[in-house]
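Student: File follows, model.cif with mmCIF, C-alpha atoms:
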data_run
loop_
_atom_site.label_atom_id
_atom_site.label_comp_id
_atom_site.auth_asym_id
_atom_site.auth_seq_id
_atom_site.Cartn_x
_atom_site.Cartn_y
_atom_site.Cartn_z
CA MET I 1 -170.41 -167.72 -39.26
CA GLN I 2 -173.27 -165.29 -39.53
CA ASN I 3 -172.61 -161.64 -38.61
CA ASN I 4 -175.65 -160.26 -36.72
CA LYS I 5 -174.20 -156.79 -36.12
CA LYS I 6 -176.69 -154.13 -37.20
CA ARG I 7 -175.45 -151.89 -40.00
CA ASN I 8 -176.06 -148.13 -39.96
CA THR I 9 -178.94 -146.96 -42.11
CA PRO I 10 -177.70 -144.46 -44.72
CA ILE I 11 -178.21 -140.93 -43.40
CA ALA I 12 -180.09 -139.92 -46.56
CA THR I 13 -182.63 -142.66 -45.81
CA LEU I 14 -182.99 -141.52 -42.19
CA ILE I 15 -183.61 -137.93 -43.28
CA LYS I 16 -186.14 -139.08 -45.87
CA ASN I 17 -188.00 -141.21 -43.31
CA PHE I 18 -187.93 -138.40 -40.73
CA VAL I 19 -189.33 -135.80 -43.13
CA ASN I 20 -192.05 -138.16 -44.39
CA LYS I 21 -194.46 -138.17 -41.46
CA ASP I 22 -196.33 -141.09 -43.02
CA SER I 23 -193.25 -143.32 -43.19
CA GLY I 24 -193.96 -144.99 -39.86
CA LYS I 25 -190.29 -144.50 -39.03
CA VAL I 26 -190.24 -140.90 -37.79
CA SER I 27 -189.43 -141.68 -34.13
CA GLU I 28 -186.83 -144.30 -35.01
CA SER I 29 -185.17 -141.99 -37.54
CA ARG I 30 -185.26 -139.00 -35.16
CA LYS I 31 -183.44 -140.98 -32.46
CA GLU I 32 -180.71 -142.19 -34.79
CA ILE I 33 -180.27 -138.78 -36.43
CA ARG I 34 -179.81 -137.15 -33.02
CA ASN I 35 -177.21 -139.71 -32.01
CA ARG I 36 -175.24 -139.36 -35.24
CA PHE I 37 -175.67 -135.63 -35.85
CA PRO I 38 -172.33 -134.31 -34.42
CA ALA I 39 -170.23 -136.67 -36.58
CA LEU I 40 -172.00 -136.09 -39.90
CA ASP I 41 -170.74 -134.11 -42.88
CA TRP I 42 -171.83 -130.46 -43.04
CA LYS I 43 -173.98 -131.06 -46.12
CA ASP I 44 -176.01 -133.62 -44.16
CA GLN I 45 -176.07 -131.51 -41.01
CA LYS I 46 -177.55 -128.59 -42.98
CA LYS I 47 -180.36 -130.80 -44.29
CA ILE I 48 -181.08 -132.07 -40.77
CA ILE I 49 -181.07 -128.58 -39.28
CA SER I 50 -183.64 -127.38 -41.80
CA ALA I 51 -185.72 -130.54 -41.39
CA PHE I 52 -185.81 -130.24 -37.59
CA LEU I 53 -186.63 -126.53 -37.74
CA ASP I 54 -189.49 -127.42 -40.07
CA SER I 55 -190.78 -130.11 -37.69
CA CYS I 56 -192.70 -130.07 -34.37
CA ALA I 57 -191.98 -127.88 -31.32
CA SER I 58 -189.78 -130.46 -29.55
CA ASP I 59 -187.65 -130.95 -32.68
CA ARG I 60 -187.30 -127.21 -33.12
CA GLU I 61 -186.27 -126.80 -29.48
CA TRP I 62 -183.67 -129.56 -29.82
CA MET I 63 -182.16 -127.79 -32.81
CA TYR I 64 -182.35 -124.22 -31.47
CA THR I 65 -179.80 -124.96 -28.75
CA ARG I 66 -177.43 -126.69 -31.19
CA LEU I 67 -177.54 -123.90 -33.74
CA PHE I 68 -175.23 -121.79 -31.58
CA ASP I 69 -172.45 -124.20 -32.55
CA TYR I 70 -173.61 -124.84 -36.13
CA TRP I 71 -174.89 -121.42 -37.15
CA ASP I 72 -174.75 -120.36 -40.78
CA ASP I 73 -176.42 -117.30 -42.27
CA CYS I 74 -178.32 -119.58 -44.62
CA PHE I 75 -180.66 -120.31 -41.67
CA ALA I 76 -181.42 -116.64 -40.98
CA GLU I 77 -184.67 -116.43 -42.95
CA GLN I 78 -185.98 -119.70 -41.53
CA ILE I 79 -185.25 -118.55 -37.97
CA LYS I 80 -186.85 -115.17 -38.64
CA SER I 81 -190.02 -116.86 -39.95
CA LEU I 82 -190.17 -119.24 -36.97
CA TRP I 83 -189.67 -116.39 -34.53
CA GLU I 84 -192.46 -114.32 -36.08
CA GLU I 85 -194.82 -117.32 -36.08
CA TYR I 86 -194.15 -118.87 -32.66
CA HIS I 87 -192.10 -116.41 -30.52
CA GLU I 88 -190.39 -119.32 -28.77
CA ASP I 89 -187.87 -118.43 -26.07
CA LYS I 90 -184.96 -120.43 -27.46
CA CYS I 91 -185.60 -119.08 -30.93
CA ALA I 92 -185.32 -115.58 -29.45
CA TRP I 93 -181.77 -116.40 -28.33
CA LEU I 94 -180.79 -117.09 -31.95
CA VAL I 95 -182.52 -113.95 -33.21
CA ILE I 96 -180.65 -111.82 -30.67
CA ARG I 97 -177.32 -113.47 -31.35
CA PHE I 98 -177.29 -113.86 -35.14
CA LEU I 99 -179.90 -111.86 -37.03
CA HIS I 100 -179.25 -108.38 -38.39
CA GLU I 101 -178.90 -105.69 -35.70
CA ASN I 102 -181.67 -103.57 -37.20
CA TYR I 103 -184.04 -106.53 -36.96
CA VAL I 104 -183.01 -107.20 -33.35
CA LYS I 105 -183.78 -103.54 -32.53
CA SER I 106 -187.21 -103.83 -34.14
CA GLN I 107 -188.03 -106.86 -31.96
CA ILE I 108 -186.87 -105.58 -28.56
CA ASP I 109 -190.41 -105.29 -27.18
CA ASN I 110 -191.18 -108.88 -28.23
CA PHE I 111 -188.34 -110.46 -26.26
CA SER I 112 -189.85 -111.57 -22.96
CA GLY I 113 -187.34 -114.10 -21.60
CA GLY I 114 -185.72 -113.44 -18.23
CA ARG I 115 -182.37 -112.12 -19.51
CA ASP I 116 -183.24 -111.43 -23.14
CA TYR I 117 -182.78 -107.69 -22.70
CA TYR I 118 -179.30 -108.21 -21.25
CA PHE I 119 -178.22 -110.14 -24.35
CA VAL I 120 -179.82 -107.53 -26.59
CA CYS I 121 -177.66 -104.93 -24.84
CA ARG I 122 -174.56 -107.09 -25.20
CA ARG I 123 -175.28 -107.25 -28.94
CA LEU I 124 -176.16 -103.59 -29.51
CA ALA I 125 -174.45 -101.50 -26.82
CA HIS I 126 -171.42 -100.82 -29.03
CA ASN I 127 -173.69 -98.58 -31.15
CA ASN I 128 -173.76 -95.02 -29.84
CA ASP I 129 -177.36 -94.59 -30.95
CA PHE I 130 -178.56 -97.51 -28.79
CA GLN I 131 -179.82 -96.29 -25.43
CA ILE I 132 -179.51 -98.79 -22.59
CA GLU I 133 -182.55 -98.83 -20.32
CA ARG I 134 -180.68 -99.37 -17.09
CA GLU I 135 -183.82 -100.09 -15.06
CA ARG I 136 -184.39 -103.25 -17.13
CA LEU I 137 -181.07 -104.74 -16.02
CA SER I 138 -179.76 -106.00 -12.71
CA ALA I 139 -176.79 -104.03 -11.44
CA ILE I 140 -174.30 -106.79 -12.30
CA ASP I 141 -175.75 -107.14 -15.81
CA TYR I 142 -175.52 -103.38 -16.34
CA LEU I 143 -171.87 -103.37 -15.26
CA SER I 144 -171.23 -106.35 -17.55
CA VAL I 145 -172.78 -104.57 -20.55
CA ILE I 146 -170.70 -101.46 -19.89
CA PHE I 147 -167.55 -103.55 -19.58
CA TYR I 148 -168.04 -105.65 -22.72
CA SER I 149 -169.14 -102.69 -24.83
CA GLY I 150 -166.01 -100.74 -23.89
CA LYS I 151 -167.98 -97.80 -22.51
CA ASN I 152 -166.58 -95.71 -19.68
CA LEU I 153 -167.96 -95.10 -16.20
CA SER I 154 -167.10 -92.26 -13.86
CA ASP I 155 -165.63 -93.28 -10.51
CA ASP I 156 -168.82 -92.16 -8.75
CA GLU I 157 -171.04 -94.24 -11.05
CA ALA I 158 -168.75 -97.27 -10.76
CA THR I 159 -168.90 -97.04 -6.96
CA GLU I 160 -172.67 -96.62 -6.98
CA ILE I 161 -173.17 -99.63 -9.26
CA PHE I 162 -170.88 -101.81 -7.15
CA TYR I 163 -172.80 -101.12 -3.96
CA LYS I 164 -176.07 -101.66 -5.80
CA ILE I 165 -174.75 -105.09 -6.81
CA VAL I 166 -173.94 -105.83 -3.18
CA CYS I 167 -177.43 -104.70 -2.09
CA GLU I 168 -179.12 -106.91 -4.68
CA GLU I 169 -177.04 -109.84 -3.42
CA CYS I 170 -178.16 -109.21 0.15
CA GLU I 171 -181.80 -109.29 -0.96
CA LYS I 172 -181.49 -112.76 -2.49
CA ASP I 173 -182.39 -116.03 -0.85
CA ASN I 174 -179.30 -118.00 0.19
CA LEU I 175 -180.17 -120.75 -2.27
CA PHE I 176 -179.58 -118.35 -5.16
CA ILE I 177 -176.23 -117.03 -3.95
CA ASN I 178 -173.03 -118.62 -5.17
CA MET I 179 -170.27 -118.48 -2.57
CA ARG I 180 -167.07 -120.46 -2.78
CA LYS I 181 -166.38 -123.01 -0.06
CA VAL I 182 -164.44 -121.43 2.77
CA GLY I 183 -162.42 -123.73 5.02
CA ARG I 184 -162.96 -123.56 8.77
CA GLY I 185 -160.87 -120.79 10.26
CA THR I 186 -160.18 -119.27 6.82
CA LEU I 187 -161.27 -115.64 6.95
CA PHE I 188 -164.16 -114.70 4.72
CA THR I 189 -163.58 -111.95 2.15
CA ILE I 190 -166.12 -110.18 -0.05
CA ARG I 191 -164.54 -111.89 -3.08
CA ASP I 192 -165.89 -115.21 -1.80
CA PHE I 193 -169.27 -114.14 -3.20
CA ALA I 194 -169.16 -114.95 -6.93
CA ILE I 195 -171.07 -111.88 -8.12
CA ILE I 196 -169.03 -109.49 -5.99
CA SER I 197 -165.84 -111.09 -7.29
CA LYS I 198 -167.11 -110.68 -10.86
CA ALA I 199 -167.92 -107.00 -10.26
CA LEU I 200 -164.45 -106.36 -8.89
CA TYR I 201 -162.97 -108.12 -11.92
CA TYR I 202 -164.85 -105.79 -14.27
CA LEU I 203 -163.60 -102.76 -12.34
CA GLU I 204 -160.04 -104.07 -12.23
CA SER I 205 -160.08 -104.70 -15.98
CA SER I 206 -161.40 -101.17 -16.49
CA ASN I 207 -158.48 -99.70 -14.50
CA LYS I 208 -160.70 -98.20 -11.79
CA THR I 209 -157.76 -98.08 -9.38
CA ASP I 210 -159.06 -95.45 -6.96
CA VAL I 211 -162.51 -97.06 -6.82
CA LEU I 212 -161.00 -100.48 -6.16
CA GLU I 213 -158.81 -99.18 -3.37
CA ALA I 214 -161.86 -97.77 -1.57
CA LEU I 215 -163.93 -100.91 -2.16
CA GLU I 216 -161.16 -103.23 -0.97
CA ALA I 217 -160.81 -101.11 2.20
CA TRP I 218 -164.55 -101.47 2.80
CA GLY I 219 -164.30 -105.22 2.21
CA ASP I 220 -161.39 -105.53 4.65
CA ASN I 221 -163.44 -103.72 7.30
CA VAL I 222 -166.33 -106.14 6.77
CA SER I 223 -163.96 -109.11 7.07
CA ASP I 224 -162.52 -107.70 10.30
CA ALA I 225 -166.00 -107.18 11.75
CA ILE I 226 -166.91 -110.79 10.94
CA ARG I 227 -163.65 -112.15 12.33
CA LEU I 228 -164.20 -110.36 15.66
CA SER I 229 -167.90 -111.24 15.90
CA GLU I 230 -169.54 -113.58 18.37
CA GLU I 231 -171.35 -115.30 15.50
CA TYR I 232 -168.10 -116.23 13.75
CA THR I 233 -166.53 -117.46 16.99
CA ALA I 234 -169.58 -119.60 17.73
CA LEU I 235 -169.67 -120.90 14.16
CA ASN I 236 -166.10 -122.20 14.33
CA LYS I 237 -166.89 -124.06 17.55
CA ALA I 238 -170.09 -125.66 16.27
CA PRO I 239 -170.09 -129.36 15.25
CA LEU I 240 -171.30 -128.81 11.68
CA SER I 241 -170.80 -130.49 8.33
CA ASP I 242 -168.83 -128.53 5.72
CA TYR I 243 -172.08 -127.77 3.91
CA GLU I 244 -173.77 -126.47 7.07
CA TYR I 245 -170.68 -124.46 7.99
CA ASN I 246 -170.54 -122.68 4.64
CA ASP I 247 -174.28 -122.10 4.53
CA ARG I 248 -174.23 -120.47 7.98
CA LEU I 249 -171.10 -118.46 7.15
CA LYS I 250 -172.88 -117.19 4.02
CA THR I 251 -175.74 -115.89 6.15
CA ILE I 252 -173.41 -114.29 8.71
CA ALA I 253 -171.42 -112.61 5.93
CA LYS I 254 -174.61 -111.31 4.28
CA SER I 255 -175.79 -109.90 7.61
CA TYR I 256 -172.56 -107.99 8.19
CA ILE I 257 -172.35 -106.74 4.63
CA ALA I 258 -175.95 -105.51 4.79
CA ALA I 259 -175.41 -103.86 8.17
CA SER I 260 -172.31 -102.09 6.85
CA LEU I 261 -174.55 -100.51 4.20
CA GLY I 262 -177.30 -99.67 6.64
CA ILE I 263 -179.84 -102.05 5.13
CA GLU I 264 -181.72 -105.17 6.14
CA CYS I 265 -180.88 -108.45 4.41
CA LYS I 266 -183.27 -111.32 3.67
CA GLU I 267 -181.87 -113.56 6.40
CA ASN I 268 -180.44 -111.83 9.46
CA TYR I 269 -177.84 -113.61 11.58
CA MET I 270 -176.46 -110.98 13.94
CA PHE I 271 -176.50 -110.65 17.70
CA LEU I 272 -177.81 -107.22 18.65
CA ASP I 273 -174.75 -106.27 20.69
CA THR I 274 -172.41 -106.98 17.78
CA ARG I 275 -174.07 -104.32 15.60
CA LYS I 276 -172.16 -101.69 17.53
CA ARG I 277 -168.94 -102.93 15.97
CA LEU I 278 -170.22 -101.79 12.59
CA GLU I 279 -170.50 -98.15 13.65
CA GLU I 280 -166.76 -97.86 13.15
CA LEU I 281 -167.11 -99.54 9.74
CA GLU I 282 -169.62 -96.92 8.64
CA ARG I 283 -167.37 -94.09 9.85
CA LYS I 284 -164.49 -95.51 7.81
CA ASN I 285 -166.59 -95.46 4.66
CA PRO I 286 -168.18 -91.99 4.37
CA VAL I 287 -169.49 -92.71 0.86
CA ILE I 288 -172.09 -95.09 2.35
CA ASP I 289 -174.43 -92.36 3.66
CA SER I 290 -174.80 -90.70 0.28
CA LEU I 291 -175.24 -94.07 -1.43
CA ILE I 292 -178.09 -95.00 0.91
CA ASP I 293 -180.01 -91.95 -0.32
CA LYS I 294 -178.95 -92.34 -3.95
CA LEU I 295 -179.89 -96.02 -4.18
CA GLY I 296 -183.14 -95.64 -2.28
CA LEU I 297 -182.12 -98.14 0.39
CA GLU I 298 -184.09 -98.83 3.54
CA CYS I 299 -181.98 -98.09 6.58
CA ILE I 300 -181.87 -100.25 9.70
CA GLU I 301 -183.89 -98.68 12.52
#
Hey, can you dump this file as structure tokens for me?

Tutor:
Amino acid sequence: MQNNKKRNTPIATLIKNFVNKDSGKVSESRKEIRNRFPALDWKDQKKIISAFLDSCASDREWMYTRLFDYWDDCFAEQIKSLWEEYHEDKCAWLVIRFLHENYVKSQIDNFSGGRDYYFVCRRLAHNNDFQIERERLSAIDYLSVIFYSGKNLSDDEATEIFYKIVCEECEKDNLFINMRKVGRGTLFTIRDFAIISKALYYLESSNKTDVLEALEAWGDNVSDAIRLSEEYTALNKAPLSDYEYNDRLKTIAKSYIAASLGIECKENYMFLDTRKRLEELERKNPVIDSLIDKLGLECIE
């Protein structure tokens, strides 16, 4: 009985056909190499990595993302040459992560990706001679860099950064805010916002006990204001899907958080007569007034 099962082409043949652009088998070889790449021996993987980096833009891009898992310093010069020739975004990630720190410093002004500067800071902030340009980072990214580099913050600076993080969150569109699903009738807390929860984690891990106590008290006041609000009562009576419920709760929570800081948020969901309840919130948190001036916030008229 004849066996019609297709046998694997030797990997050396596939590499040879892929590298030879006149072989007529480049596309076929590329597809099979990609499928088999994770299971190959390292000696073959190294040849493939170099061959893909030496190929067209799409092949380079495919390999850039995989090099995080397969990095070896033997690729440093090839990556450096590719970066200097093409300045491709995904190549920049490898430069920042793996090339010599002095070279990364020399290239700072050439990194133009959205969060490239954050990852540069993560790589270099442990050096005392590296000056972090805070204005180039979001508040949460700045706090993250400080945390991972082991640097210290004063209680005043930690408090200021936290509220700046909260303000930046209020300025975002709802689509770009990550909030955990809150069950109907389950009281919202500030930790339900992912970024706020992350900020509190950094402060907890940095033993900012006094700061945390004040921030948690502020958060409890916000939760109480929401719980007692007409908006929250109406929300829990409304015939909404779980998605609609959480989306509307997100907007209500943002409105109350913003009002507690004396600022306007992107979407406002507050009845005018319920704003008065927040006067007590502001009185309970005297640090807010000075932060409004310090952070350059626009107060509610």

Student: What does the structure give for the distance between CA of Glu84 (chain I) and CA of Phe111 (chain I), in Å to one decimal?

Tutor: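 Spanning CA of Glu84 (chain I) to CA of Phe111 (chain I) is a straight-line distance of 11.3 Å.
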
Student: Please identify all polymer residues within 10 Å of region 9-20 of chain I, counting all atoms listed in the file, omitting same-chain residues fewer than 6 positions from it, and present them as an MDAnalysis selection string.

Tutor: chainID I and resid 26:33 36:37 40 44:45 47:48 51:52 54:55

Student: For CA of Cys74 (chain I) and CA of Phe119 (chain I), determine how far apart the two atoms are, in Å to one decimal place.

Tutor: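 Calculated distance between CA of Cys74 (chain I) and CA of Phe119 (chain I) is 22.4 Å.
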
Student: Which one is closest to Tyr148 (chain I): I:Trp42, I:Phe75, I:Tyr103, I:Tyr118? Count only C-alpha atoms.

Tutor: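 Looking only at the distances to Tyr148 (chain I), the closest residue turns out to be I:Tyr118.
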
Student: Which residues, named as in the file, does the PyMOL selection byres ((chain I and resi 79) around 12) pick out? Answer as a PyMOL selection string.

Tutor: chain I and resi 49-50+52-54+60-61+63-64+67+71-78+80-88+90-100

Student: Could you save the residues just selected, with C-alpha atoms, as a compact mmCIF listing (two decimals), in the coordinates of the input?

Tutor:
# COMPACT_ATOMS: atom_id res chain seq x y z
CA ILE I 49 -181.07 -128.58 -39.28
CA SER I 50 -183.64 -127.38 -41.80
CA PHE I 52 -185.81 -130.24 -37.59
CA LEU I 53 -186.63 -126.53 -37.74
CA ASP I 54 -189.49 -127.42 -40.07
CA ARG I 60 -187.30 -127.21 -33.12
CA GLU I 61 -186.27 -126.80 -29.48
CA MET I 63 -182.16 -127.79 -32.81
CA TYR I 64 -182.35 -124.22 -31.47
CA LEU I 67 -177.54 -123.90 -33.74
CA TRP I 71 -174.89 -121.42 -37.15
CA ASP I 72 -174.75 -120.36 -40.78
CA ASP I 73 -176.42 -117.30 -42.27
CA CYS I 74 -178.32 -119.58 -44.62
CA PHE I 75 -180.66 -120.31 -41.67
CA ALA I 76 -181.42 -116.64 -40.98
CA GLU I 77 -184.67 -116.43 -42.95
CA GLN I 78 -185.98 -119.70 -41.53
CA LYS I 80 -186.85 -115.17 -38.64
CA SER I 81 -190.02 -116.86 -39.95
CA LEU I 82 -190.17 -119.24 -36.97
CA TRP I 83 -189.67 -116.39 -34.53
CA GLU I 84 -192.46 -114.32 -36.08
CA GLU I 85 -194.82 -117.32 -36.08
CA TYR I 86 -194.15 -118.87 -32.66
CA HIS I 87 -192.10 -116.41 -30.52
CA GLU I 88 -190.39 -119.32 -28.77
CA LYS I 90 -184.96 -120.43 -27.46
CA CYS I 91 -185.60 -119.08 -30.93
CA ALA I 92 -185.32 -115.58 -29.45
CA TRP I 93 -181.77 -116.40 -28.33
CA LEU I 94 -180.79 -117.09 -31.95
CA VAL I 95 -182.52 -113.95 -33.21
CA ILE I 96 -180.65 -111.82 -30.67
CA ARG I 97 -177.32 -113.47 -31.35
CA PHE I 98 -177.29 -113.86 -35.14
CA LEU I 99 -179.90 -111.86 -37.03
CA HIS I 100 -179.25 -108.38 -38.39
